[in-house]
Protein chains: 2
Amino acid sequence: MRRSEIATPALLLDIDILDRNIATMRDCAAALGVKLRPHAKAHKCVEIAQRIMAAGAIGASCATIGEAEAMASGGIGGILVTAPLASTDATQRLYRLLLRGADIAVVAEDADCVSQLSAIAVASARTLDVVVDVDVGMGRTGCLEIADAVALARQITDMPALRYAGIQAYWGNLQQVSPFSERARLIAVQADRVRSLIAALTSAGLPPAIVTGGGTGSHRIDATMGLFTEIQPGSYLFMDSCYSAISISENDNPFTPSLFVAATVVSANKPGRVVVNAGWKAFATDSGKPVAVRGVPPGTSFRFMGDEHGALDLEGGDGPVVGSTIEFLTSHCDPTVNLYSAYHVVRGDDVIDVWPIRARY
Amino acid sequence: MRRSEIATPALLLDIDILDRNIATMRDCAAALGVKLRPHAKAHKCVEIAQRIMAAGAIGASCATIGEAEAMASGGIGGILVTAPLASTDATQRLYRLLLRGADIAVVAEDADCVSQLSAIAVASARTLDVVVDVDVGMGRTGCLEIADAVALARQITDMPALRYAGIQAYWGNLQQVSPFSERARLIAVQADRVRSLIAALTSAGLPPAIVTGGGTGSHRIDATMGLFTEIQPGSYLFMDSCYSAISISENDNPFTPSLFVAATVVSANKPGRVVVNAGWKAFATDSGKPVAVRGVPPGTSFRFMGDEHGALDLEGGDGPVVGSTIEFLTSHCDPTVNLYSAYHVVRGDDVIDVWPIRARY
């Protein structure tokens, strides 16, 4: 099948660009001396995780128990669930993953949760690695105070069938701060807190084996601070218009967009405008509008026109004809991926594979 | 299973409220003398379409060929595809639906599309009903000028294997104009254009058998004008915070929310705030934030905290504990439904069924 013949709306993934992004991050992490546990929340795809592992990653970070199930079923090891699991459903599913032999660790932020984790680890006759989740200014999850984190690390150490594995410090709110120097300045403030926490843990006889965190926007800064043993970026695989608009290092952005949404022109009945079959159900809308990058003249802009449609306003030139395919760069890759059941994997103009997207709700 | 035990994030559908909304719309349409072809773009669910049909609807409107396939496979007749189909993929899938005997009609807006429809209808040895799509100020799809619509109706009449079935006039941009009187005033302007079009078609010997359009926000106005033979509302089934905030008739809003997103509290480590496992992947974001309606004290407000999380800021009172379930009213039902694989159908505190959501991309 040709790239232009894919049933739309569809998600296209340029495999050569994906592989370049994977290699670029691998080389960066190797040069800076940190391990890589890229985040599966971005791709939700076993085939992509296998490619990342083949390039030397130590595992897959997961945001949900469903993502962990998907990665485990695809033979991916080194799974770290990066958000606290609190429901009975989630802990029961973790228990079943342990029974099946999954290579999985989880984060925790409170004593009750740690007690539950110990109970399921005991029941499964496994030892479960638990990472202390620490809030570093994002205000989402994690221990707020150093004393709380030290107490939780001790509790994990003392509970049956648990192993205290380290700490997680993720500044998700700082990933896209611009300019780069301001991002680095804000991260340095939080890094000082992490340094104090590591010192306190070490004094308490609980030095963290793992210090995990970091994202696509912060990984260059994080990996050079001497704090993190590993990083969890995800968006670098695909990129989007928000990440493409910022500097990833002081001077450049080494990642190239590999992910596109394809749509078809369904109406061209008015000069200067065409309508495509992609709207609020085809693009995540939390971070702005998509940008048409192929099949349109320069200067074309997109407007949402409801759940299933969007309009392309043309500055001039010949507009695309009815039936033609337009490709878009998304504004936010992760929740856009979540809108599709599969990637259409392309190399140049050819569709060479279809990879399922798993663990959608 | 109890309502509070559902794996989250999840979509809950209160079946008794759904049935009341279905009955209310059926009674309204019957009283005003229009037929009902409720829009499957809202629900994407055979089980819901079957309930609507059992209550006397004439069929199901569909926005995509995938929705039409889902409805046809569930035995739903009277399918009308309400957006022009322009890709080779879509017309081939329509051809296969015709071969399978699906009871389906489509809209068209241009001559090339009509020629393609005729070709597949001939090839399938079926007669295909085609409705002329007319732009009534929304600027999305449809013939812009009366002369264009008349010419297209004549072309449909003249083409082999096609039957000219009528016209579609949908003012999607006016559905939520407030106050109600202003909505009615703006619709009256467009209704005059539809009236002129019907007169022109009738003069040309092409009186439309079907005049279809209307949505949840406009149906009371549309159905009382004596123009429409049928209406296509969808959101009335579920309601959302945007539709709940407006008047659906001059004096009242007879529909009650039946659709909720359930999430679990995963963190409560800071006074005045808890974090739930539902974010940009759990709620459509095109029309604002969800509203927590069960499991929280009054005055609680929601903030998005990334792809998988949201924060609930508490005004006071005892906050919900970790592991408890919170239910949310969504800001926009259709694209939120599209984020889930199934409805958990509830009656009071019990989960009584699970209904698949079909035709996601």
# chains A, B, ... in the order shown; residues from 1 in each chain; ligands from 1
call {"tool": "interface_residues", "arguments": {"of": "chain B", "to": "chain A", "cutoff": "7 Å", "atoms": "only C-alpha atoms", "output": "ChimeraX atom specification"}}
result
/B:7,9,84-87,89,140-141,264,266-267,275,280-281,285-286,305,307,322-323,335,338-341,361
call {"tool": "write_last_selection", "arguments": {"atoms": "N, CA, C and O atoms", "output": "mmCIF file, in the first residue's frame"}}
result
data_model
loop_
_atom_site.group_PDB
_atom_site.id
_atom_site.type_symbol
_atom_site.label_atom_id
_atom_site.label_comp_id
_atom_site.auth_asym_id
_atom_site.auth_seq_id
_atom_site.Cartn_x
_atom_site.Cartn_y
_atom_site.Cartn_z
ATOM 1 N N ALA B 7 -12.976 -0.742 37.072
ATOM 2 C CA ALA B 7 -11.599 -0.334 36.788
ATOM 3 C C ALA B 7 -11.615 1.040 36.127
ATOM 4 O O ALA B 7 -12.335 1.261 35.151
ATOM 5 N N PRO B 9 -9.568 4.699 34.538
ATOM 6 C CA PRO B 9 -10.712 5.525 34.156
ATOM 7 C C PRO B 9 -11.726 4.726 33.347
ATOM 8 O O PRO B 9 -11.344 3.852 32.577
ATOM 9 N N PRO B 84 -19.927 14.141 3.537
ATOM 10 C CA PRO B 84 -19.516 13.613 2.230
ATOM 11 C C PRO B 84 -18.379 12.609 2.373
ATOM 12 O O PRO B 84 -17.451 12.811 3.160
ATOM 13 N N LEU B 85 -18.464 11.515 1.619
ATOM 14 C CA LEU B 85 -17.407 10.495 1.566
ATOM 15 C C LEU B 85 -16.566 10.776 0.332
ATOM 16 O O LEU B 85 -17.087 10.785 -0.780
ATOM 17 N N ALA B 86 -15.261 10.982 0.535
ATOM 18 C CA ALA B 86 -14.458 11.418 -0.607
ATOM 19 C C ALA B 86 -13.287 10.503 -0.917
ATOM 20 O O ALA B 86 -12.764 10.535 -2.028
ATOM 21 N N SER B 87 -12.849 9.689 0.015
ATOM 22 C CA SER B 87 -11.668 8.862 -0.253
ATOM 23 C C SER B 87 -12.072 7.578 -0.967
ATOM 24 O O SER B 87 -13.218 7.124 -0.880
ATOM 25 N N ASP B 89 -11.010 4.696 -0.145
ATOM 26 C CA ASP B 89 -11.314 3.770 0.955
ATOM 27 C C ASP B 89 -12.777 3.863 1.372
ATOM 28 O O ASP B 89 -13.461 2.844 1.505
ATOM 29 N N ARG B 140 -18.795 24.475 6.499
ATOM 30 C CA ARG B 140 -18.068 23.211 6.588
ATOM 31 C C ARG B 140 -18.231 22.447 5.280
ATOM 32 O O ARG B 140 -17.336 22.470 4.453
ATOM 33 N N THR B 141 -19.334 21.773 5.096
ATOM 34 C CA THR B 141 -19.581 21.092 3.826
ATOM 35 C C THR B 141 -20.952 21.509 3.308
ATOM 36 O O THR B 141 -21.735 22.147 4.000
ATOM 37 N N THR B 264 -10.168 7.263 39.931
ATOM 38 C CA THR B 264 -9.792 6.864 41.291
ATOM 39 C C THR B 264 -8.808 7.878 41.879
ATOM 40 O O THR B 264 -7.897 8.343 41.173
ATOM 41 N N VAL B 266 -5.633 8.756 43.513
ATOM 42 C CA VAL B 266 -4.362 8.034 43.635
ATOM 43 C C VAL B 266 -3.384 8.736 44.572
ATOM 44 O O VAL B 266 -2.348 8.174 44.921
ATOM 45 N N SER B 267 -3.703 9.959 44.990
ATOM 46 C CA SER B 267 -2.811 10.688 45.891
ATOM 47 C C SER B 267 -3.627 11.681 46.704
ATOM 48 O O SER B 267 -4.513 12.356 46.156
ATOM 49 N N VAL B 275 -5.365 13.908 43.923
ATOM 50 C CA VAL B 275 -5.032 13.677 42.517
ATOM 51 C C VAL B 275 -5.742 12.403 42.054
ATOM 52 O O VAL B 275 -5.754 11.407 42.782
ATOM 53 N N TRP B 280 -5.708 14.221 30.303
ATOM 54 C CA TRP B 280 -6.028 14.533 28.905
ATOM 55 C C TRP B 280 -6.418 13.310 28.076
ATOM 56 O O TRP B 280 -7.022 13.447 27.018
ATOM 57 N N LYS B 281 -6.027 12.109 28.524
ATOM 58 C CA LYS B 281 -6.434 10.902 27.789
ATOM 59 C C LYS B 281 -7.802 10.391 28.233
ATOM 60 O O LYS B 281 -8.343 9.486 27.607
ATOM 61 N N THR B 285 -10.892 17.644 25.635
ATOM 62 C CA THR B 285 -10.498 18.938 26.195
ATOM 63 C C THR B 285 -10.897 20.123 25.312
ATOM 64 O O THR B 285 -10.560 21.256 25.618
ATOM 65 N N ASP B 286 -11.626 19.848 24.221
ATOM 66 C CA ASP B 286 -11.944 20.934 23.284
ATOM 67 C C ASP B 286 -12.935 21.937 23.861
ATOM 68 O O ASP B 286 -13.042 23.057 23.356
ATOM 69 N N MET B 305 -3.682 17.656 35.026
ATOM 70 C CA MET B 305 -2.297 17.511 35.500
ATOM 71 C C MET B 305 -1.553 16.551 34.581
ATOM 72 O O MET B 305 -0.820 15.677 35.048
ATOM 73 N N ASP B 307 -1.324 13.881 30.955
ATOM 74 C CA ASP B 307 -2.067 12.916 30.155
ATOM 75 C C ASP B 307 -2.910 11.968 30.996
ATOM 76 O O ASP B 307 -3.978 11.538 30.569
ATOM 77 N N VAL B 322 -7.633 8.121 49.372
ATOM 78 C CA VAL B 322 -6.949 7.374 48.307
ATOM 79 C C VAL B 322 -7.691 6.066 48.055
ATOM 80 O O VAL B 322 -8.078 5.365 48.988
ATOM 81 N N GLY B 323 -7.917 5.755 46.791
ATOM 82 C CA GLY B 323 -8.615 4.529 46.420
ATOM 83 C C GLY B 323 -10.096 4.733 46.165
ATOM 84 O O GLY B 323 -10.746 3.851 45.595
ATOM 85 N N PRO B 335 -16.660 13.497 21.873
ATOM 86 C CA PRO B 335 -15.245 13.100 21.825
ATOM 87 C C PRO B 335 -14.761 12.433 23.102
ATOM 88 O O PRO B 335 -13.741 11.736 23.074
ATOM 89 N N ASN B 338 -15.507 8.782 22.629
ATOM 90 C CA ASN B 338 -14.516 8.258 21.670
ATOM 91 C C ASN B 338 -13.198 7.835 22.330
ATOM 92 O O ASN B 338 -12.389 7.151 21.707
ATOM 93 N N LEU B 339 -12.983 8.231 23.591
ATOM 94 C CA LEU B 339 -11.750 7.869 24.299
ATOM 95 C C LEU B 339 -11.841 6.511 24.995
ATOM 96 O O LEU B 339 -10.854 6.033 25.542
ATOM 97 N N TYR B 340 -13.002 5.889 24.974
ATOM 98 C CA TYR B 340 -13.211 4.641 25.733
ATOM 99 C C TYR B 340 -13.642 3.502 24.819
ATOM 100 O O TYR B 340 -14.302 3.725 23.806
ATOM 101 N N SER B 341 -13.303 2.278 25.233
ATOM 102 C CA SER B 341 -13.666 1.096 24.443
ATOM 103 C C SER B 341 -15.063 0.587 24.771
ATOM 104 O O SER B 341 -15.607 -0.217 24.017
ATOM 105 N N TYR B 361 -11.080 5.425 15.721
ATOM 106 C CA TYR B 361 -10.066 5.394 14.651
ATOM 107 C C TYR B 361 -9.011 4.344 14.968
ATOM 108 O O TYR B 361 -8.774 4.041 16.121
#
call {"tool": "select_by_dssp", "arguments": {"residues": "segment 17-193 of chain B", "states": "helix (DSSP H, G or I)", "output": "MDAnalysis selection string"}}
result
chainID B and resid 17:32 46:54 65:73 88:99 111:124 146:158 172:174 180:193
call {"tool": "select_by_dssp", "arguments": {"residues": "segment 105-193 of chain B", "states": "strand (DSSP E or B)", "output": "VMD selection string"}}
result
chain B and resid 105 to 108 128 to 134 143 162 to 169
call {"tool": "residues_around", "arguments": {"residues": "Val81 of chain B", "least_positions_apart": "4", "cutoff": "8 Å", "atoms": "only C-alpha atoms", "output": "PyMOL selection string"}}
result
chain B and resi 61-65+68+104-107
call {"tool": "write_last_selection", "arguments": {"atoms": "C-alpha atoms", "output": "PDB file, in the first residue's frame"}}
result
ATOM      1  CA  SER B  61     -27.291   9.168  11.343  1.00  0.00           C
ATOM      2  CA  CYS B  62     -23.550   8.447  11.023  1.00  0.00           C
ATOM      3  CA  ALA B  63     -20.608  10.801  10.586  1.00  0.00           C
ATOM      4  CA  THR B  64     -18.166   8.240   9.151  1.00  0.00           C
ATOM      5  CA  ILE B  65     -18.238   5.093   7.078  1.00  0.00           C
ATOM      6  CA  ALA B  68     -22.148   3.113   9.319  1.00  0.00           C
ATOM      7  CA  ILE B 104     -28.001   3.059   3.898  1.00  0.00           C
ATOM      8  CA  ALA B 105     -28.219   6.506   2.321  1.00  0.00           C
ATOM      9  CA  VAL B 106     -25.507   9.147   1.977  1.00  0.00           C
ATOM     10  CA  VAL B 107     -25.148  12.876   1.491  1.00  0.00           C
TER      11      VAL B 107
END
call {"tool": "atom_distance", "arguments": {"atom1": "atom CA of Ala30 of chain A", "atom2": "atom CA of Ala191 of chain A"}}
result
21.1 Å
call {"tool": "residues_around", "arguments": {"residues": "Pro356 of chain B", "least_positions_apart": "2", "cutoff": "10 Å", "atoms": "only C-alpha atoms", "output": "PyMOL selection string"}}
result
chain B and resi 43-48+340-344+354+358-359
